[in-house]
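For reference, the structure is listed below as structure tokens.
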Amino acid sequence: FTGFALLTLLFNAITAWIPAYLTRVHGYAASQIALSYGPILLVFGSAGIFCGGWFADWLRKRGRADAEIRAGIVGALCLWPFAATATLMPDARMFFVMLAPLVFFASFPFAPAAAALQLVTPNRLRGQVSAVYLFVVNLTGIGLGGTITALLTDGLFGRDDAVGYSMALVGAVAAPLAALVLRAGLPHYRLSAEAA
């Protein structure tokens, strides 16, 4: 739960603040944001979810009992450089080039996470465990993701146009931390998956 919650926190810390970032740092109007950010989120976010699930299936077919968690780790590690640097780009065009893989890899772990939960949870508990998982992930990701960015922008940097630095800081910390937490859970998940 913790590893995927950290990835959800990162996703929300960045994606929720992209419109403000584009307005404050690059002077974009709302209509420009919708026409540039929206298609990237739609195409690369959808592709990331699909490819994350495909990658976990590919690993599982090759005998990996921990395929879903490994896919989450790969997603976190591939996301890390983009999450830590995209909002530091000097112009909007470079930012959008970095945004596509950022959104792709930020979405990559979501399908494997859902599959992992179903694979290791006994049938009679799946509804309850899914509810707890969604509570934890949404409380952490949606509840704290955007808030942490705001607190860093106001408290640490002290100016509205530093929102990109706040987003980069969250990305630089949350992605490797998520990978480490997921890595620590690999042997436990593997045992549960093999038992199931």
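We label chains A, B, ... in the order they appear in the structure tokens, count residues from 1 in each chain, and number ligands from 1 in the order shown.
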
Kindly assemble as CSV a list of the region 44-100 of chain A residues that lie within 12 Å of region 116-126 of chain A, each paired with its nearest atom pair and their distance in Å to one decimal, using only C-alpha atoms, sorted first by chain and then by ascending residue number.
```
residue,atom,partner,partner_atom,distance
A:Gly53,CA,A:Ala116,CA,10.4
A:Ala56,CA,A:Ala116,CA,9.5
A:Asp57,CA,A:Ala116,CA,11.1
A:Arg60,CA,A:Ala116,CA,11.4
A:Ala65,CA,A:Leu119,CA,10.2
A:Asp66,CA,A:Ala116,CA,8.6
A:Ala67,CA,A:Ala116,CA,8.5
A:Glu68,CA,A:Ala116,CA,5.6
A:Ile69,CA,A:Ala116,CA,7.2
A:Arg70,CA,A:Ala116,CA,10.4
A:Ala71,CA,A:Ala116,CA,10.2
A:Gly72,CA,A:Ala116,CA,10.0
```

Would you mind exporting the chosen residues as a PDB file, in the first residue's frame, restricted to N, CA and C atoms?
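Below you can see again-v5.pdb, which holds the result:
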```pdb
ATOM      1  N   GLY A  53       0.302  -2.814 -17.223  1.00  0.00           N
ATOM      2  CA  GLY A  53      -0.350  -4.113 -17.113  1.00  0.00           C
ATOM      3  C   GLY A  53       0.270  -5.142 -18.034  1.00  0.00           C
ATOM      4  N   ALA A  56       3.657  -6.278 -16.582  1.00  0.00           N
ATOM      5  CA  ALA A  56       3.484  -7.219 -15.465  1.00  0.00           C
ATOM      6  C   ALA A  56       3.103  -8.602 -15.987  1.00  0.00           C
ATOM      7  N   ASP A  57       2.213  -8.657 -16.971  1.00  0.00           N
ATOM      8  CA  ASP A  57       1.849  -9.949 -17.576  1.00  0.00           C
ATOM      9  C   ASP A  57       3.059 -10.606 -18.233  1.00  0.00           C
ATOM     10  N   ARG A  60       5.217 -12.061 -15.573  1.00  0.00           N
ATOM     11  CA  ARG A  60       4.574 -13.240 -14.981  1.00  0.00           C
ATOM     12  C   ARG A  60       4.717 -14.453 -15.898  1.00  0.00           C
ATOM     13  N   ALA A  65       6.931 -14.510  -9.929  1.00  0.00           N
ATOM     14  CA  ALA A  65       5.764 -14.507  -9.042  1.00  0.00           C
ATOM     15  C   ALA A  65       5.501 -13.110  -8.485  1.00  0.00           C
ATOM     16  N   ASP A  66       6.507 -12.253  -8.556  1.00  0.00           N
ATOM     17  CA  ASP A  66       6.380 -10.888  -8.024  1.00  0.00           C
ATOM     18  C   ASP A  66       6.277  -9.850  -9.148  1.00  0.00           C
ATOM     19  N   ALA A  67       5.720 -10.260 -10.276  1.00  0.00           N
ATOM     20  CA  ALA A  67       5.711  -9.428 -11.486  1.00  0.00           C
ATOM     21  C   ALA A  67       5.042  -8.079 -11.276  1.00  0.00           C
ATOM     22  N   GLU A  68       3.944  -8.044 -10.540  1.00  0.00           N
ATOM     23  CA  GLU A  68       3.192  -6.794 -10.382  1.00  0.00           C
ATOM     24  C   GLU A  68       3.982  -5.764  -9.574  1.00  0.00           C
ATOM     25  N   ILE A  69       4.651  -6.219  -8.538  1.00  0.00           N
ATOM     26  CA  ILE A  69       5.448  -5.293  -7.727  1.00  0.00           C
ATOM     27  C   ILE A  69       6.697  -4.861  -8.499  1.00  0.00           C
ATOM     28  N   ARG A  70       7.288  -5.783  -9.237  1.00  0.00           N
ATOM     29  CA  ARG A  70       8.445  -5.418 -10.069  1.00  0.00           C
ATOM     30  C   ARG A  70       8.064  -4.360 -11.103  1.00  0.00           C
ATOM     31  N   ALA A  71       6.876  -4.498 -11.682  1.00  0.00           N
ATOM     32  CA  ALA A  71       6.407  -3.494 -12.642  1.00  0.00           C
ATOM     33  C   ALA A  71       6.259  -2.140 -11.958  1.00  0.00           C
ATOM     34  N   GLY A  72       5.791  -2.134 -10.717  1.00  0.00           N
ATOM     35  CA  GLY A  72       5.701  -0.883  -9.962  1.00  0.00           C
ATOM     36  C   GLY A  72       7.064  -0.261  -9.719  1.00  0.00           C
TER      37      GLY A  72
END
```

- Quick one: everything within 10 Å of Thr87 (chain A), counting only C-alpha atoms, minus sequence neighbours fewer than 3 positions away in the same chain. Send it as a PyMOL selection string. chain A and resi 14+18+21-22+25+82-84+90-92+94-96+98-99+162-169+171

Using only C-alpha atoms, the best pick from A:Val170, A:Tyr37, A:Phe1, A:Phe44 as closest to Thr153 (chain A) would be A:Val170

Residues near region 73-77 of chain A, anyone? I mean within 7 Å using only C-alpha atoms, not counting same-chain ones fewer than 4 positions away, as a list of chain:residue names.
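Those residues are A:Ile69, A:Phe105, A:Ala106, A:Phe108, A:Pro109, A:Ala175, A:Pro176, A:Ala178, A:Ala179, A:Leu182, A:Arg183.
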
**Prompt:** Rounded to one decimal in Å, what is the spacing between CA of Leu151 (chain A) and CA of Ala16 (chain A)?
**Reply:**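 Taking CA of Leu151 (chain A) and CA of Ala16 (chain A), their separation equals 13.8 Å.
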
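The spacing separating CA of Leu180 (chain A) from CA of Gln128 (chain A) amounts to 26.5 Å.
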